[in-house]
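Here the structure comes first, spelled out in structure tokens, and everything after it is commentary.
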Amino acid sequence: MKTLFQAKALAFFLCALLVSSVAVAQKSAKPIPSPRDSVSGKVAGANIKIWYGSPSVKGRKIFGGLEPWGKVYRAGANEATQFTTDKNIKVEGQTLPAGKYAFFVIPMEKGKWTVIFNKTAVQWGAFKYDQKQDQLRVMVTPKTIPNQERMVYKITKNGFSMDWATTSVPVSIK
């Protein structure tokens, strides 16, 4: 009788411990500062998908501050942004073969920005970016927009844009 009572008490204790540890784990989970996001759509007959980390402005100066002028930027947070197309497309008038690419930009204080589709699709940030692996580089003109707190990519019938802070980087696709 005593061992049956001890077994039940032990079982109760283990269940209580399990339930409390699950509850504590759920309460301590913090939101990810730059969650992964994606957008997909059809442009010029091709299925396009963009997978990226979505950072927030958080009161910071983004371009020319957090992201310096004239340096390759991963166009998102953490892992490099990935751009996938299932068909050959014309990006700003130049051919981009079907495939999966890392997507980078080079922000400039004045004038056009460089947009890069790099063949090393999976990489962490731009730390090991290799220009020799670029499939395509094109120039685009950024636009000023109302403040966009969290970075987003938008796909339209004419292409896509990267919108963050007060800057939109539109890229045309045909």
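Every chain in the structure tokens has a letter given in the order shown (A, B, ...), and although residue numbers restart at 1 in each chain, ligands are simply numbered from 1 in the order shown.
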With 9 Å as the cut-off and only C-alpha atoms counted, what is the closest atom pair between each nearby residue of region 80-166 of chain A and region 62-65 of chain A? Distances in Å to one decimal, ordered by chain and number, as CSV.
residue,atom,partner,partner_atom,distance
A:Pro107,CA,A:Phe63,CA,7.0
A:Met108,CA,A:Gly64,CA,8.1
A:Glu109,CA,A:Gly64,CA,7.0
A:Trp164,CA,A:Ile62,CA,8.4
A:Ala165,CA,A:Ile62,CA,6.7
A:Thr166,CA,A:Ile62,CA,8.9
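Omitting region 140-147 of chain A and its sequence neighbours fewer than 4 positions away, and counting only C-alpha atoms, the residues within 9 Å are Val57, Glu92, Pro107, Gly111, Lys112, Trp113, Thr114, Val115, Asp163, Trp164, Ala165, Thr166, Thr167, Ser168, Val169, Pro170, Val171 and Ser172 of chain A.
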Looking at A:Pro55, A:Gly45, A:Gly93, A:Pro31, which one is nearest to Asn78 (chain A), with distances taken over only C-alpha atoms?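 When distances to Asn78 (chain A) are compared using only C-alpha atoms, the smallest one comes from A:Pro55.
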Per DSSP on the backbone, filter chain A down to the residues in strand (DSSP E or B) and report them as a PyMOL selection string. chain A and resi 36-43+46-53+56+63+67+73+79+81-85+89-91+94-96+99-106+113-118+124+134-140+143-156+159-173
Applying 10 Å and only C-alpha atoms, which residues near Ala98 (chain A) remain after dropping the ones on its own chain fewer than 6 positions away? List them as a list in words.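 Near Ala98 (chain A), the qualifying residues are Ala46, Asn47, Ile48, Thr84, Thr85, Asp86, Lys87, Asn88 and Ile89 of chain A.
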Give me a file of those residues, with C-alpha atoms, as a compact mmCIF listing (two decimals), in the first residue's frame.
# COMPACT_ATOMS: atom_id res chain seq x y z
CA ALA A 46 7.28 33.54 -63.71
CA ASN A 47 6.62 32.48 -60.14
CA ILE A 48 8.74 34.71 -57.90
CA THR A 84 13.76 32.53 -56.57
CA THR A 85 12.27 32.50 -60.07
CA ASP A 86 11.02 29.40 -61.88
CA LYS A 87 11.52 30.94 -65.36
CA ASN A 88 14.04 33.20 -67.05
CA ILE A 89 13.04 36.84 -66.54
With only C-alpha atoms as the atoms that count, which of A:Ile116, A:Leu66, A:Met162, A:Val105 lies nearest to Val91 (chain A)?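 Ranked by minimum distance to Val91 (chain A), first place goes to A:Ile116.
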With only C-alpha atoms as the basis for distance, which of A:Gln82, A:Arg74, A:Lys157, A:Lys128 is at the shortest distance from Ser38 (chain A)?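 Comparing A:Gln82, A:Arg74, A:Lys157, A:Lys128 against Ser38 (chain A), the winner is A:Gln82.
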Tell me which protein, DNA and RNA residues are within 12 Å of Gln123 (chain A), counting only C-alpha atoms, leaving out same-chain ones fewer than 4 positions away, and put them as a ChimeraX atom specification. /A:52,74,77-82,101-104,118-119,127-130
Grab the residues selected above and save them as an mmCIF file, in the first residue's frame with C-alpha atoms.
data_model
loop_
_atom_site.group_PDB
_atom_site.id
_atom_site.type_symbol
_atom_site.label_atom_id
_atom_site.label_comp_id
_atom_site.auth_asym_id
_atom_site.auth_seq_id
_atom_site.Cartn_x
_atom_site.Cartn_y
_atom_site.Cartn_z
ATOM 1 C CA TYR A 52 14.068 37.481 -46.033
ATOM 2 C CA ARG A 74 22.172 41.631 -47.523
ATOM 3 C CA ALA A 77 18.458 40.599 -41.557
ATOM 4 C CA ASN A 78 20.570 37.593 -40.578
ATOM 5 C CA GLU A 79 20.733 35.194 -43.538
ATOM 6 C CA ALA A 80 21.039 36.782 -46.966
ATOM 7 C CA THR A 81 17.728 37.448 -48.676
ATOM 8 C CA GLN A 82 16.846 34.719 -51.187
ATOM 9 C CA TYR A 101 19.868 33.600 -55.739
ATOM 10 C CA ALA A 102 21.055 35.646 -52.793
ATOM 11 C CA PHE A 103 19.753 39.192 -53.223
ATOM 12 C CA PHE A 104 21.918 42.159 -52.227
ATOM 13 C CA ASN A 118 24.334 36.241 -56.473
ATOM 14 C CA LYS A 119 24.625 32.518 -57.306
ATOM 15 C CA PHE A 127 30.157 38.581 -44.721
ATOM 16 C CA LYS A 128 31.437 36.113 -47.332
ATOM 17 C CA TYR A 129 29.873 37.840 -50.344
ATOM 18 C CA ASP A 130 31.924 37.099 -53.479
#
